[in-house]
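Q: Sharing start04.cif below, mmCIF, C-alpha atoms and all ligand atoms:
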data_run
loop_
_atom_site.label_atom_id
_atom_site.label_comp_id
_atom_site.auth_asym_id
_atom_site.auth_seq_id
_atom_site.Cartn_x
_atom_site.Cartn_y
_atom_site.Cartn_z
CA MET M 28 105.14 118.08 91.68
CA THR M 29 107.10 117.35 88.56
CA GLY M 30 105.46 116.86 85.19
CA GLU M 31 106.54 113.22 85.29
CA GLN M 32 104.89 112.70 88.66
CA GLU M 33 101.70 114.30 87.42
CA SER M 34 101.50 112.21 84.28
CA LEU M 35 102.22 108.99 86.23
CA LYS M 36 99.38 109.87 88.59
CA LYS M 37 97.05 110.33 85.63
CA GLN M 38 98.16 106.93 84.43
CA VAL M 39 97.37 105.15 87.72
CA VAL M 40 94.02 106.92 88.01
CA ALA M 41 93.15 105.74 84.48
CA SER M 42 94.16 102.22 85.47
CA ILE M 43 91.78 102.26 88.47
CA ASP M 44 89.00 103.60 86.23
CA ALA M 45 89.64 100.73 83.82
CA GLN M 46 89.45 98.22 86.69
CA ARG M 47 86.40 99.86 88.26
CA GLN M 48 83.80 97.16 87.60
CA ALA M 49 86.21 94.31 88.27
CA LEU M 50 87.15 95.80 91.66
CA ILE M 51 83.52 96.38 92.62
CA ASP M 52 82.68 92.80 91.60
CA LEU M 53 85.58 91.51 93.72
CA SER M 54 84.41 93.55 96.70
CA LEU M 55 80.78 92.40 96.33
CA ARG M 56 81.78 88.76 95.94
CA ILE M 57 83.77 88.89 99.19
CA HIS M 58 80.93 90.78 100.88
CA ALA M 59 78.37 88.17 99.81
CA ASN M 60 80.52 85.32 101.11
CA PRO M 61 81.73 86.46 104.52
CA GLU M 62 84.46 84.30 106.06
CA GLU M 63 85.79 84.69 109.58
CA GLY M 64 89.44 85.03 110.55
CA PHE M 65 91.79 82.31 109.21
CA GLN M 66 88.91 80.79 107.21
CA GLU M 67 89.06 83.29 104.34
CA GLU M 68 89.76 80.63 101.71
CA GLN M 69 87.45 81.98 99.03
CA ALA M 70 88.42 85.63 99.53
CA SER M 71 92.16 85.00 99.50
CA GLY M 72 91.69 82.69 96.48
CA TRP M 73 89.83 85.35 94.49
CA LEU M 74 92.36 88.04 95.39
CA CYS M 75 95.32 85.83 94.44
CA ALA M 76 93.65 84.91 91.15
CA TYR M 77 93.05 88.58 90.30
CA LEU M 78 96.63 89.52 91.10
CA GLU M 79 98.05 86.57 89.18
CA GLU M 80 96.02 87.60 86.17
CA GLN M 81 97.58 91.07 86.46
CA GLY M 82 101.06 89.52 86.36
CA PHE M 83 102.01 89.50 90.03
CA ALA M 84 104.08 86.60 91.37
CA VAL M 85 101.86 85.13 94.08
CA GLU M 86 103.02 83.17 97.10
CA ARG M 87 100.10 81.49 98.86
CA ASN M 88 100.28 80.16 102.43
CA TYR M 89 102.56 83.10 103.24
CA CYS M 90 104.18 82.88 106.69
CA ASP M 91 102.64 79.42 107.06
CA LEU M 92 99.15 80.88 107.27
CA ALA M 93 96.75 79.18 104.85
CA THR M 94 94.83 82.34 103.95
CA ALA M 95 97.75 84.81 103.91
CA PHE M 96 99.55 85.64 100.68
CA LEU M 97 102.28 87.76 99.15
CA ALA M 98 101.79 89.09 95.61
CA SER M 99 104.76 91.04 94.33
CA THR M 100 106.33 92.58 91.30
CA GLY M 101 109.77 94.13 90.84
CA ASN M 102 112.60 93.67 93.31
CA GLU M 103 114.23 97.04 93.64
CA ARG M 104 113.84 99.71 96.32
CA PRO M 105 111.65 101.35 97.30
CA ARG M 106 109.56 98.39 98.34
CA ILE M 107 105.96 99.43 98.81
CA ALA M 108 103.32 97.15 100.30
CA LEU M 109 99.58 97.53 100.13
CA LEU M 110 97.95 95.57 102.94
CA ALA M 111 94.76 93.66 102.23
CA GLU M 112 92.30 92.54 104.90
CA TYR M 113 89.33 90.31 104.05
CA ASP M 114 87.99 88.70 107.22
CA ALA M 115 84.39 89.16 108.35
CA LEU M 116 82.90 89.50 111.82
CA PRO M 117 81.19 86.59 113.56
CA GLY M 118 77.44 86.98 113.06
CA LEU M 119 77.67 90.36 111.31
CA GLY M 120 79.31 89.58 107.98
CA HIS M 121 81.38 92.41 106.47
CA ALA M 122 80.37 94.98 109.09
CA CYS M 123 83.94 96.33 109.12
CA GLY M 124 84.10 96.69 105.33
CA HIS M 125 87.19 94.54 104.83
CA ASN M 126 85.79 93.55 101.43
CA LEU M 127 86.45 97.17 100.40
CA ILE M 128 89.95 97.17 101.91
CA ALA M 129 90.91 94.09 99.90
CA ALA M 130 89.64 95.55 96.62
CA MET M 131 91.25 98.96 97.26
CA SER M 132 94.69 97.51 97.90
CA VAL M 133 94.51 95.10 94.97
CA GLY M 134 93.38 97.88 92.62
CA ALA M 135 96.04 100.31 93.84
CA ALA M 136 98.81 97.73 93.50
CA THR M 137 97.69 96.76 90.01
CA ALA M 138 97.68 100.40 88.96
CA ALA M 139 101.12 101.03 90.48
CA LYS M 140 102.46 97.90 88.80
CA SER M 141 101.77 99.48 85.45
CA ILE M 142 104.39 102.14 86.16
CA VAL M 143 107.16 100.39 88.13
CA ASP M 144 108.77 99.24 84.91
CA ALA M 145 109.44 102.91 84.19
CA THR M 146 110.22 104.10 87.70
CA GLY M 147 111.95 101.08 89.26
CA GLY M 148 110.98 99.95 92.74
CA SER M 149 108.65 97.15 93.72
CA ILE M 150 105.02 96.79 94.66
CA ALA M 151 103.44 94.10 96.77
CA VAL M 152 100.05 93.21 98.10
CA ILE M 153 100.36 91.44 101.41
CA GLY M 154 97.23 89.45 102.20
CA THR M 155 96.76 89.63 105.95
CA PRO M 156 94.02 87.41 107.38
CA ALA M 157 92.19 87.50 110.69
CA GLU M 158 92.46 91.17 111.60
CA GLU M 159 89.35 91.13 113.77
CA VAL M 160 89.91 88.33 116.19
CA TYR M 161 93.39 86.88 116.06
CA GLY M 162 95.66 89.74 114.98
CA GLY M 163 96.98 88.05 111.85
CA LYS M 164 99.47 90.86 111.19
CA ALA M 165 100.92 90.52 114.68
CA ILE M 166 101.66 86.87 113.95
CA MET M 167 102.95 87.70 110.47
CA ALA M 168 105.15 90.48 111.88
CA GLU M 169 106.83 87.95 114.18
CA ARG M 170 107.41 85.69 111.18
CA GLY M 171 109.14 88.46 109.23
CA ALA M 172 106.37 89.25 106.74
CA PHE M 173 107.06 92.99 106.72
CA LYS M 174 110.88 92.94 106.59
CA GLY M 175 112.66 95.13 104.09
CA LEU M 176 109.69 97.34 103.25
CA ASP M 177 109.97 101.09 102.78
CA ALA M 178 106.27 101.71 103.33
CA ALA M 179 103.06 99.88 104.16
CA MET M 180 99.66 101.35 103.33
CA MET M 181 95.99 100.51 103.52
CA VAL M 182 92.77 102.47 103.89
CA HIS M 183 89.94 101.55 106.24
CA PRO M 184 86.32 102.46 105.51
CA GLY M 185 84.62 104.56 108.16
CA SER M 186 82.42 107.59 108.68
CA ARG M 187 84.91 110.31 107.73
CA ASN M 188 87.88 110.99 105.50
CA SER M 189 90.91 111.31 107.76
CA VAL M 190 94.59 110.56 107.46
CA LEU M 191 96.16 111.08 110.90
CA THR M 192 94.45 108.08 112.42
CA GLY M 193 95.43 106.43 115.66
CA ALA M 194 94.58 103.13 117.26
CA LEU M 195 94.92 101.78 120.76
CA ALA M 196 97.18 99.03 122.00
CA CYS M 197 94.95 96.11 122.87
CA THR M 198 95.11 92.74 124.50
CA THR M 199 92.64 90.00 125.38
CA LEU M 200 92.03 88.44 128.79
CA TYR M 201 90.37 85.03 129.08
CA VAL M 202 89.03 84.26 132.56
CA GLU M 203 87.42 81.25 134.18
CA TYR M 204 86.01 80.77 137.66
CA PHE M 205 85.68 77.38 139.29
CA GLY M 206 83.18 77.19 142.17
CA ARG M 207 81.08 74.33 143.44
CA GLU M 208 77.66 73.23 142.20
CA ALA M 209 74.80 72.73 144.63
CA HIS M 210 71.00 72.78 144.51
CA ALA M 211 70.26 76.50 144.36
CA ALA M 212 67.19 76.26 146.62
CA SER M 213 67.64 73.26 148.89
CA ARG M 214 71.42 73.34 149.51
CA PRO M 215 72.69 76.82 148.53
CA GLU M 216 75.02 76.89 151.54
CA GLN M 217 77.03 74.08 149.96
CA GLY M 218 77.63 75.99 146.73
CA ILE M 219 80.42 78.30 145.64
CA ASN M 220 78.96 80.63 143.04
CA ALA M 221 81.21 81.12 140.04
CA LEU M 222 78.69 83.47 138.41
CA ASP M 223 78.68 85.77 141.44
CA ALA M 224 82.46 85.92 141.17
CA LEU M 225 82.13 87.05 137.58
CA LEU M 226 79.39 89.61 138.31
CA LEU M 227 81.47 91.11 141.13
CA ALA M 228 84.39 91.37 138.71
CA PHE M 229 82.15 93.15 136.17
CA ASN M 230 81.16 95.64 138.85
CA ALA M 231 84.76 96.15 139.92
CA VAL M 232 85.66 96.86 136.28
CA ALA M 233 82.78 99.35 136.09
CA ALA M 234 84.20 101.16 139.13
CA LEU M 235 87.69 101.06 137.64
CA ARG M 236 86.48 102.86 134.49
CA GLN M 237 85.93 106.12 136.33
CA HIS M 238 89.60 106.32 137.29
CA ILE M 239 91.47 105.56 134.12
CA ARG M 240 92.71 107.79 131.31
CA ASP M 241 90.09 108.92 128.80
CA SER M 242 91.64 106.96 125.98
CA ALA M 243 91.83 103.63 127.84
CA ARG M 244 89.08 101.05 127.45
CA VAL M 245 88.07 97.83 129.16
CA HIS M 246 85.03 95.82 128.06
CA GLY M 247 83.94 92.23 127.85
CA ILE M 248 81.30 89.55 127.70
CA ILE M 249 80.28 86.47 129.67
CA THR M 250 80.80 83.46 127.45
CA HIS M 251 79.47 80.89 129.93
CA GLY M 252 77.26 81.93 132.82
CA GLY M 253 76.00 78.62 134.18
CA ASP M 254 73.94 75.67 133.06
CA ALA M 255 70.62 75.79 134.90
CA PRO M 256 68.90 78.33 137.14
CA ASN M 257 68.37 75.75 139.88
CA VAL M 258 72.05 74.85 140.07
CA VAL M 259 74.60 77.13 141.75
CA PRO M 260 76.94 77.89 138.81
CA GLY M 261 80.12 75.95 139.34
CA HIS M 262 81.96 77.15 136.23
CA THR M 263 81.83 80.45 134.35
CA THR M 264 83.94 82.04 131.64
CA ALA M 265 84.38 85.53 130.20
CA VAL M 266 86.49 87.35 127.64
CA PHE M 267 87.67 90.92 128.11
CA LEU M 268 89.55 93.40 125.96
CA VAL M 269 91.88 95.90 127.60
CA ARG M 270 93.09 98.89 125.58
CA ALA M 271 95.34 101.90 126.08
CA ALA M 272 97.04 104.56 124.01
CA ASP M 273 100.54 103.24 124.71
CA GLU M 274 102.09 100.00 125.80
CA ALA M 275 103.23 101.26 129.21
CA TYR M 276 99.70 102.27 130.18
CA LEU M 277 98.38 99.01 128.75
CA GLU M 278 100.60 97.15 131.24
CA GLU M 279 99.12 99.19 134.08
CA MET M 280 95.59 98.59 132.77
CA LYS M 281 96.27 94.86 132.61
CA GLN M 282 97.26 94.73 136.27
CA ARG M 283 94.32 96.83 137.41
CA THR M 284 91.84 94.80 135.35
CA LEU M 285 93.22 91.53 136.66
CA ALA M 286 92.81 92.84 140.22
CA CYS M 287 89.05 93.20 139.53
CA PHE M 288 88.85 89.51 138.67
CA GLN M 289 90.96 88.53 141.68
CA ALA M 290 88.50 90.49 143.84
CA GLY M 291 85.63 88.37 142.48
CA ALA M 292 87.51 85.23 143.46
CA GLU M 293 88.41 86.56 146.89
CA ALA M 294 84.84 87.57 147.69
CA THR M 295 83.20 84.30 146.67
CA GLY M 296 85.83 81.66 147.22
CA ALA M 297 85.72 80.64 143.56
CA ARG M 298 89.07 79.87 142.01
CA LEU M 299 90.22 82.16 139.20
CA GLU M 300 92.17 80.94 136.20
CA TYR M 301 93.17 83.43 133.53
CA ARG M 302 95.23 83.77 130.41
CA TRP M 303 96.37 86.80 128.44
CA ASP M 304 96.36 86.25 124.70
CA GLU M 305 99.86 85.79 123.30
CA VAL M 306 98.99 88.25 120.52
CA GLN M 307 98.96 91.88 121.56
CA TYR M 308 97.90 94.68 119.18
CA ALA M 309 100.42 97.52 119.20
CA PRO M 310 99.27 101.16 119.07
CA LEU M 311 99.10 102.58 115.55
CA HIS M 312 101.85 105.05 114.68
CA THR M 313 100.90 106.94 111.54
CA ASN M 314 103.85 108.12 109.45
CA VAL M 315 103.07 111.81 109.10
CA PRO M 316 104.93 112.73 105.86
CA LEU M 317 103.37 109.74 104.12
CA ALA M 318 99.94 110.57 105.54
CA GLU M 319 100.30 114.14 104.27
CA ALA M 320 101.13 112.87 100.79
CA PHE M 321 98.01 110.69 100.95
CA ARG M 322 96.00 113.69 102.15
CA ARG M 323 97.09 115.75 99.12
CA ASN M 324 96.12 112.94 96.77
CA LEU M 325 92.73 112.26 98.35
CA THR M 326 91.97 115.99 98.39
CA ALA M 327 92.91 116.24 94.71
CA LEU M 328 90.22 113.63 94.06
CA GLY M 329 87.64 115.99 95.57
CA ARG M 330 87.25 114.55 99.06
CA VAL M 331 87.28 116.80 102.11
CA VAL M 332 89.75 115.42 104.62
CA GLU M 333 89.39 116.23 108.30
CA ASP M 334 91.15 114.61 111.17
CA PRO M 335 89.13 113.87 114.29
CA PRO M 336 90.38 115.08 117.65
CA SER M 337 92.83 112.49 118.92
CA SER M 338 91.72 109.91 121.48
CA ARG M 339 88.20 109.89 120.07
CA ALA M 340 86.57 106.96 118.31
CA MET M 341 89.68 104.83 118.34
CA GLY M 342 89.62 101.09 118.06
CA SER M 343 92.60 98.83 117.70
CA THR M 344 94.17 97.25 114.68
CA ASP M 345 96.97 94.82 114.02
CA VAL M 346 98.25 97.42 111.53
CA GLY M 347 99.71 98.91 114.72
CA ASN M 348 102.16 95.99 114.83
CA VAL M 349 103.19 96.76 111.24
CA SER M 350 103.62 100.45 112.10
CA MET M 351 106.28 99.54 114.68
CA LEU M 352 108.38 97.98 111.90
CA VAL M 353 107.72 99.98 108.74
CA PRO M 354 106.58 103.55 107.90
CA THR M 355 102.83 102.98 107.80
CA ILE M 356 99.59 104.80 107.04
CA HIS M 357 96.05 103.64 107.81
CA PRO M 358 93.76 106.49 106.71
CA SER M 359 90.00 106.31 106.90
CA ILE M 360 87.61 106.93 104.01
CA ALA M 361 83.96 107.84 104.43
CA VAL M 362 81.37 105.33 103.28
CA ALA M 363 78.85 106.19 105.99
CA PRO M 364 77.21 109.25 107.55
CA ARG M 365 79.14 110.85 110.43
CA GLU M 366 78.95 108.97 113.74
CA THR M 367 77.92 105.72 112.08
CA SER M 368 79.64 102.94 113.96
CA ILE M 369 81.54 100.19 112.23
CA HIS M 370 80.73 96.68 113.47
CA THR M 371 76.98 97.21 112.98
CA PRO M 372 74.45 95.72 110.52
CA GLU M 373 74.06 99.23 109.07
CA PHE M 374 77.76 99.39 108.26
CA ALA M 375 77.65 95.92 106.70
CA ARG M 376 74.97 97.21 104.33
CA LEU M 377 77.02 100.32 103.49
CA ALA M 378 80.06 98.18 102.69
CA ALA M 379 78.15 96.91 99.64
CA SER M 380 76.48 100.21 98.73
CA LYS M 381 77.09 102.90 96.12
CA GLU M 382 78.91 104.93 98.79
CA GLY M 383 81.08 101.91 99.44
CA HIS M 384 81.93 101.54 95.76
CA ALA M 385 82.80 105.26 95.50
CA ALA M 386 85.08 104.97 98.53
CA LEU M 387 86.73 101.87 97.08
CA ILE M 388 87.58 103.68 93.86
CA ASP M 389 88.75 106.93 95.51
CA ALA M 390 90.87 105.10 98.09
CA ALA M 391 92.45 102.88 95.44
CA LYS M 392 93.31 105.98 93.41
CA ALA M 393 94.76 107.88 96.36
CA LEU M 394 96.81 104.84 97.40
CA ALA M 395 98.16 104.40 93.89
CA MET M 396 98.95 108.13 93.64
CA THR M 397 100.79 107.95 96.96
CA ALA M 398 102.73 104.96 95.64
CA VAL M 399 103.72 107.16 92.67
CA ASP M 400 104.94 109.83 95.11
CA LEU M 401 107.07 107.25 96.92
CA LEU M 402 108.46 105.84 93.70
CA VAL M 403 109.58 109.14 92.17
CA ASP M 404 109.94 111.65 95.01
CA ASP M 405 113.30 111.16 96.79
CA ASP M 406 112.50 113.93 99.22
CA LEU M 407 109.28 112.26 100.40
CA ARG M 408 111.12 108.96 100.82
CA LYS M 409 113.78 110.66 102.96
CA LYS M 410 111.19 112.46 105.10
CA THR M 411 109.18 109.28 105.55
CA ALA M 412 112.26 107.33 106.65
CA ALA M 413 113.40 110.15 108.95
CA ALA M 414 109.99 110.42 110.64
CA PHE M 415 109.99 106.67 111.21
CA ALA M 416 113.51 106.71 112.65
CA ALA M 417 112.60 109.60 114.95
CA GLU M 418 109.85 107.51 116.62
CA ARG M 419 112.51 105.18 118.12
CA PHE M 420 110.33 102.26 119.13
ZN ZN E 501 86.70 95.76 112.65
ZN ZN E 502 88.35 96.68 110.23
#
Please re-express this file's structure in C-alpha cells.

A:
Amino acid sequence: MTGEQESLKKQVVASIDAQRQALIDLSLRIHANPEEGFQEEQASGWLCAYLEEQGFAVERNYCDLATAFLASTGNERPRIALLAEYDALPGLGHACGHNLIAAMSVGAATAAKSIVDATGGSIAVIGTPAEEVYGGKAIMAERGAFKGLDAAMMVHPGSRNSVLTGALACTTLYVEYFGREAHAASRPEQGINALDALLLAFNAVAALRQHIRDSARVHGIITHGGDAPNVVPGHTTAVFLVRAADEAYLEEMKQRTLACFQAGAEATGARLEYRWDEVQYAPLHTNVPLAEAFRRNLTALGRVVEDPPSSRAMGSTDVGNVSMLVPTIHPSIAVAPRETSIHTPEFARLAASKEGHAALIDAAKALAMTAVDLLVDDDLRKKTAAAFAAERF
C-alpha cells in the first residue's frame, strides 16, 4: 500500500468516527420506525436528508420507485456505488438489520466523498427499497439503475464476519386451488376439497426434498386454508419459495415443484391456478479481488474474518441481480453470536444493540477503505474488472 493510500484510509476512518453518533441515531430512528417494502417513506427521507446535508446531489423517486433514490457526487471513473437497504419484515420489524445497512452505506459514502476531490472518481449511494419481499434491485436493474458502475458494495449484518458470501437464486410461486363447497358432514360427497389438494402438494414437496441438491430449497405457507370447519374448503391459496445455487437448477426445481401442485389437483379434482413471480432473484456472484480488498480492510480494523463452508446458511438477495451487472461484494459482519438466525425477534433486538452499533461503524470504515483502494489502486481496479469479465454471465 502506498503512503497516499494509507493516509487516505486514515482520513476516511476519521470521517466515520466523526459521524459515529449521527450514523447510530440514523440507524436507531429507522429501527424504531420499521416500514415494509416500497413503503419506506420515512427511512428514505431521512437518508436523503442526511446525504443532501453532506453535499450529495440527491435524486428521489429513482427508477420511478417512490422510496428509491440516487445520491451522487463526482462524475468521473471509477464510479463506486454503496447500496442501501432499509425495508423491514412484516410483523418482525428490523429483524434483518437493514437499518444498519442503510447507515453503513451512507457513512461510508460520506467518508469517501471527502477524498474524491483529491483522487477523482465518483461515489454514489443507491437507495434500494423492498429487498425482502419484492426484489427492488431486480426491478431497478431492469430499469438501468446500475449502469456504468465500476463496483457496487454493501455489507449485511449476520452472525459472522465473512467476505466470500454466496446467495441462492430464488423465485416465488403463488398457487390457488378451486374445489367445490359442500356441507362437510351432511353432503361431503358433493364437495371437492381444495385444502386436501394443498396438503397433498405439501406432502409431495416434502418427498421431493430428499432428492434434490443440498443447496436447493423449497418452502412455503398456506395463506388461505378455508373458511369454516363445517364447509368443505372450496378455495385455498399458498405461497412457495423455490431456491437453487444456479439458474439452470432453479429451472429444474421450478418444474419439479410445480409437479407437486399438479399432483394435488389430479388427486382431488380441484383446479390448480398458479403464477410465478415476474421478479426472480439471481444467485450472488461475489467479486473475489474486491472481496479480498475488503477482507484486508476489515481485518486491519481488528475483526477476525472467516468464510463459512459454501452452500451453508445461504439465503437469497436481490444483490444477486446487481452482481450479474457490476463487480459486487456483499460481505457479512457479525452483530450476533454464531448460529443466530436473521429474521428472528432476537436479531431485531441485536440490530439496535451495542454490537449492532459496533458493526455499523466497522463496516462503514471497511467499505470506505475499500472505496479508497478502488479510487487509487489501478491494479485492484484491473483485477476486479478482469474477474467480473471472466464470469461471463
Ligand atoms: Zn432478510
Ligand atoms: Zn437482509

Q: List every residue of chain M that has an atom at most 8 Å from any atom of ligand ZN 502 (chain E), and for each one report the closest atom pair and its distance in Å to one decimal, counting all atoms listed in the file, with rows sorted by chain and then by increasing residue number, as a Markdown table.

A:
| residue | atom | partner | partner_atom | distance |
| --- | --- | --- | --- | --- |
| M:Glu112 | CA | E:ZN502 | ZN | 7.8 |
| M:Cys123 | CA | E:ZN502 | ZN | 4.6 |
| M:Gly124 | CA | E:ZN502 | ZN | 6.5 |
| M:His125 | CA | E:ZN502 | ZN | 5.9 |
| M:Glu158 | CA | E:ZN502 | ZN | 7.0 |
| M:Glu159 | CA | E:ZN502 | ZN | 6.7 |
| M:His183 | CA | E:ZN502 | ZN | 6.5 |
| M:Pro184 | CA | E:ZN502 | ZN | 7.7 |
| M:Thr344 | CA | E:ZN502 | ZN | 7.3 |
| M:Ile369 | CA | E:ZN502 | ZN | 7.9 |

Q: Okay, now the selection with C-alpha atoms, as a PDB file, keeping the file's coordinate frame?

A:
ATOM      1  CA  GLU M 112      92.300  92.540 104.900  1.00  0.00           C
ATOM      2  CA  CYS M 123      83.940  96.330 109.120  1.00  0.00           C
ATOM      3  CA  GLY M 124      84.100  96.690 105.330  1.00  0.00           C
ATOM      4  CA  HIS M 125      87.190  94.540 104.830  1.00  0.00           C
ATOM      5  CA  GLU M 158      92.460  91.170 111.600  1.00  0.00           C
ATOM      6  CA  GLU M 159      89.350  91.130 113.770  1.00  0.00           C
ATOM      7  CA  HIS M 183      89.940 101.550 106.240  1.00  0.00           C
ATOM      8  CA  PRO M 184      86.320 102.460 105.510  1.00  0.00           C
ATOM      9  CA  THR M 344      94.170  97.250 114.680  1.00  0.00           C
ATOM     10  CA  ILE M 369      81.540 100.190 112.230  1.00  0.00           C
TER      11      ILE M 369
END

Q: Restricting the calculation to all atoms listed in the file, which member of M:Glu274, M:Asp52, M:Glu305, M:Glu63 is positioned closest to ligand ZN 501 (chain E)?

A: M:Glu63

Q: Using only C-alpha atoms and all ligand atoms, find each residue of chain M with at least one atom at most 12 Å away from an atom of ligand ZN 501 (chain E); report its shortest atom-to-atom pair and that distance in Å (one decimal), sort the rows by chain and rising residue number, and return the result as a Markdown table.

A:
| residue | atom | partner | partner_atom | distance |
| --- | --- | --- | --- | --- |
| M:Glu63 | CA | E:ZN501 | ZN | 11.5 |
| M:Gly64 | CA | E:ZN501 | ZN | 11.3 |
| M:Glu112 | CA | E:ZN501 | ZN | 10.1 |
| M:Tyr113 | CA | E:ZN501 | ZN | 10.5 |
| M:Asp114 | CA | E:ZN501 | ZN | 9.0 |
| M:Ala115 | CA | E:ZN501 | ZN | 8.2 |
| M:Leu116 | CA | E:ZN501 | ZN | 7.4 |
| M:Pro117 | CA | E:ZN501 | ZN | 10.7 |
| M:Leu119 | CA | E:ZN501 | ZN | 10.6 |
| M:Gly120 | CA | E:ZN501 | ZN | 10.7 |
| M:His121 | CA | E:ZN501 | ZN | 8.8 |
| M:Ala122 | CA | E:ZN501 | ZN | 7.3 |
| M:Cys123 | CA | E:ZN501 | ZN | 4.5 |
| M:Gly124 | CA | E:ZN501 | ZN | 7.8 |
| M:His125 | CA | E:ZN501 | ZN | 7.9 |
| M:Asn126 | CA | E:ZN501 | ZN | 11.5 |
| M:Ile128 | CA | E:ZN501 | ZN | 11.3 |
| M:Ala157 | CA | E:ZN501 | ZN | 10.1 |
| M:Glu158 | CA | E:ZN501 | ZN | 7.4 |
| M:Glu159 | CA | E:ZN501 | ZN | 5.5 |
| M:Val160 | CA | E:ZN501 | ZN | 8.8 |
| M:Tyr161 | CA | E:ZN501 | ZN | 11.6 |
| M:Gly162 | CA | E:ZN501 | ZN | 11.0 |
| M:His183 | CA | E:ZN501 | ZN | 9.2 |
| M:Pro184 | CA | E:ZN501 | ZN | 9.8 |
| M:Gly185 | CA | E:ZN501 | ZN | 10.1 |
| M:Ala194 | CA | E:ZN501 | ZN | 11.7 |
| M:Met341 | CA | E:ZN501 | ZN | 11.1 |
| M:Gly342 | CA | E:ZN501 | ZN | 8.1 |
| M:Ser343 | CA | E:ZN501 | ZN | 8.4 |
| M:Thr344 | CA | E:ZN501 | ZN | 7.9 |
| M:Asp345 | CA | E:ZN501 | ZN | 10.4 |
| M:Val346 | CA | E:ZN501 | ZN | 11.7 |
| M:Ser368 | CA | E:ZN501 | ZN | 10.2 |
| M:Ile369 | CA | E:ZN501 | ZN | 6.8 |
| M:His370 | CA | E:ZN501 | ZN | 6.1 |
| M:Thr371 | CA | E:ZN501 | ZN | 9.8 |
| M:Phe374 | CA | E:ZN501 | ZN | 10.6 |
| M:Ala375 | CA | E:ZN501 | ZN | 10.8 |

Q: Using all atoms listed in the file for the distances, tell me which of M:Lys37, M:Arg87, M:Arg244, M:His357 is nearest to Ala179 of chain M.

A: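 Using all atoms listed in the file, the shortest distance to Ala179 of chain M belongs to M:His357.
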
Q: Nearest to Met181 of chain M: which of M:Thr198, M:Asn230, M:Thr100, M:Thr155 is it, counting only C-alpha atoms?

A: M:Thr155

Q: Figure out the distance between atom CA of Ser350 of chain M and atom CA of Ser149 of chain M, please, to one decimal in Å.

A: 19.3 Å

Q: What's the 8 Å shell around Thr137 of chain M, counting only C-alpha atoms, without same-chain residues fewer than 4 positions away, as a list in words?

A: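 Everything that qualifies: Ser42, Leu78, Gln81, Val133 and Ser141 of chain M.
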
Q: Could you check which residues have any atom within 7 Å of (97.2, 105.8, 103.2), counting only C-alpha atoms with coordinates taken straight from the file, and then list them as a PDB file with C-alpha atoms, keeping the file's coordinate frame?

A:
ATOM      1  CA  MET M 180      99.660 101.350 103.330  1.00  0.00           C
ATOM      2  CA  MET M 181      95.990 100.510 103.520  1.00  0.00           C
ATOM      3  CA  VAL M 182      92.770 102.470 103.890  1.00  0.00           C
ATOM      4  CA  VAL M 190      94.590 110.560 107.460  1.00  0.00           C
ATOM      5  CA  ALA M 318      99.940 110.570 105.540  1.00  0.00           C
ATOM      6  CA  PHE M 321      98.010 110.690 100.950  1.00  0.00           C
ATOM      7  CA  ILE M 356      99.590 104.800 107.040  1.00  0.00           C
ATOM      8  CA  HIS M 357      96.050 103.640 107.810  1.00  0.00           C
ATOM      9  CA  PRO M 358      93.760 106.490 106.710  1.00  0.00           C
ATOM     10  CA  LEU M 394      96.810 104.840  97.400  1.00  0.00           C
TER      11      LEU M 394
END

Q: Go ahead and compute the interatomic distance for atom CA of Phe205 of chain M and atom CA of Ala255 of chain M, in Å to one decimal.

A: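 About the pair atom CA of Phe205 of chain M and atom CA of Ala255 of chain M: they are 15.8 Å apart.
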
Q: Using only C-alpha atoms, determine which residues lie at most 6 Å from segment 395-404 of chain M, disregarding the query and same-chain residues fewer than 4 positions distant; provide the list as a ChimeraX atom specification.

A: /M:36,135,139,321,408

Q: Can you pull out the residues contacting Thr295 of chain M? Cut-off 7 Å, using all atoms listed in the file, and skip same-chain residues under 4 positions away; I want them as a CSV table (one decimal) with C-alpha atoms, in the frame of the given file.

A:
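For reference, around-v2.csv as written:
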chain,number,residue,atom,x,y,z
M,219,ILE,CA,80.4,78.3,145.6
M,220,ASN,CA,79.0,80.6,143.0
M,224,ALA,CA,82.5,85.9,141.2
M,291,GLY,CA,85.6,88.4,142.5

Q: Which one of M:Phe65, M:Val353, M:Ile142, M:Leu110 sits closest to Thr313 of chain M if you count all atoms listed in the file?

A: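 Using all atoms listed in the file, Thr313 of chain M sits closest to M:Val353.
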
Q: What does the structure give for the distance between atom CA of Glu300 of chain M and atom CA of Glu203 of chain M, in Å to one decimal?

A: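 These atoms are spaced 5.2 Å apart.
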
Q: Within 7 Å of Glu208 of chain M, counting all atoms listed in the file, which residues show up once you throw out same-chain ones fewer than 2 positions away? Write them as a list in words, please.

A: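 Listing them by chain and then by number gives Gly206, Gly218, Ile219, Val258, Val259, Pro260 and Gly261 of chain M.
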
Q: Can you list, as a PDB file with C-alpha atoms, keeping the file's coordinate frame, every protein, DNA or RNA residue that comes within 9 Å of Leu55 of chain M when you count all atoms listed in the file, leaving out same-chain residues fewer than 3 positions away?

A:
ATOM      1  CA  LEU M  50      87.150  95.800  91.660  1.00  0.00           C
ATOM      2  CA  ILE M  51      83.520  96.380  92.620  1.00  0.00           C
ATOM      3  CA  ASP M  52      82.680  92.800  91.600  1.00  0.00           C
ATOM      4  CA  HIS M  58      80.930  90.780 100.880  1.00  0.00           C
ATOM      5  CA  ALA M  59      78.370  88.170  99.810  1.00  0.00           C
ATOM      6  CA  ASN M  60      80.520  85.320 101.110  1.00  0.00           C
ATOM      7  CA  ASN M 126      85.790  93.550 101.430  1.00  0.00           C
ATOM      8  CA  LEU M 127      86.450  97.170 100.400  1.00  0.00           C
ATOM      9  CA  ALA M 378      80.060  98.180 102.690  1.00  0.00           C
ATOM     10  CA  ALA M 379      78.150  96.910  99.640  1.00  0.00           C
TER      11      ALA M 379
END

Q: Point out the residue among M:Asn188, M:Ser359, M:Asn257, M:Asn314 with the least atom-to-atom distance to Ala412 of chain M, counting all atoms listed in the file.

A: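 Smallest separation from Ala412 of chain M among the options: M:Asn314.
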
Q: With distances taken over all atoms listed in the file, which residue among M:Leu92, M:Ala212, M:Cys287, M:Leu74 lies nearest Leu235 of chain M?

A: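 Comparing M:Leu92, M:Ala212, M:Cys287, M:Leu74 against Leu235 of chain M, the winner is M:Cys287.
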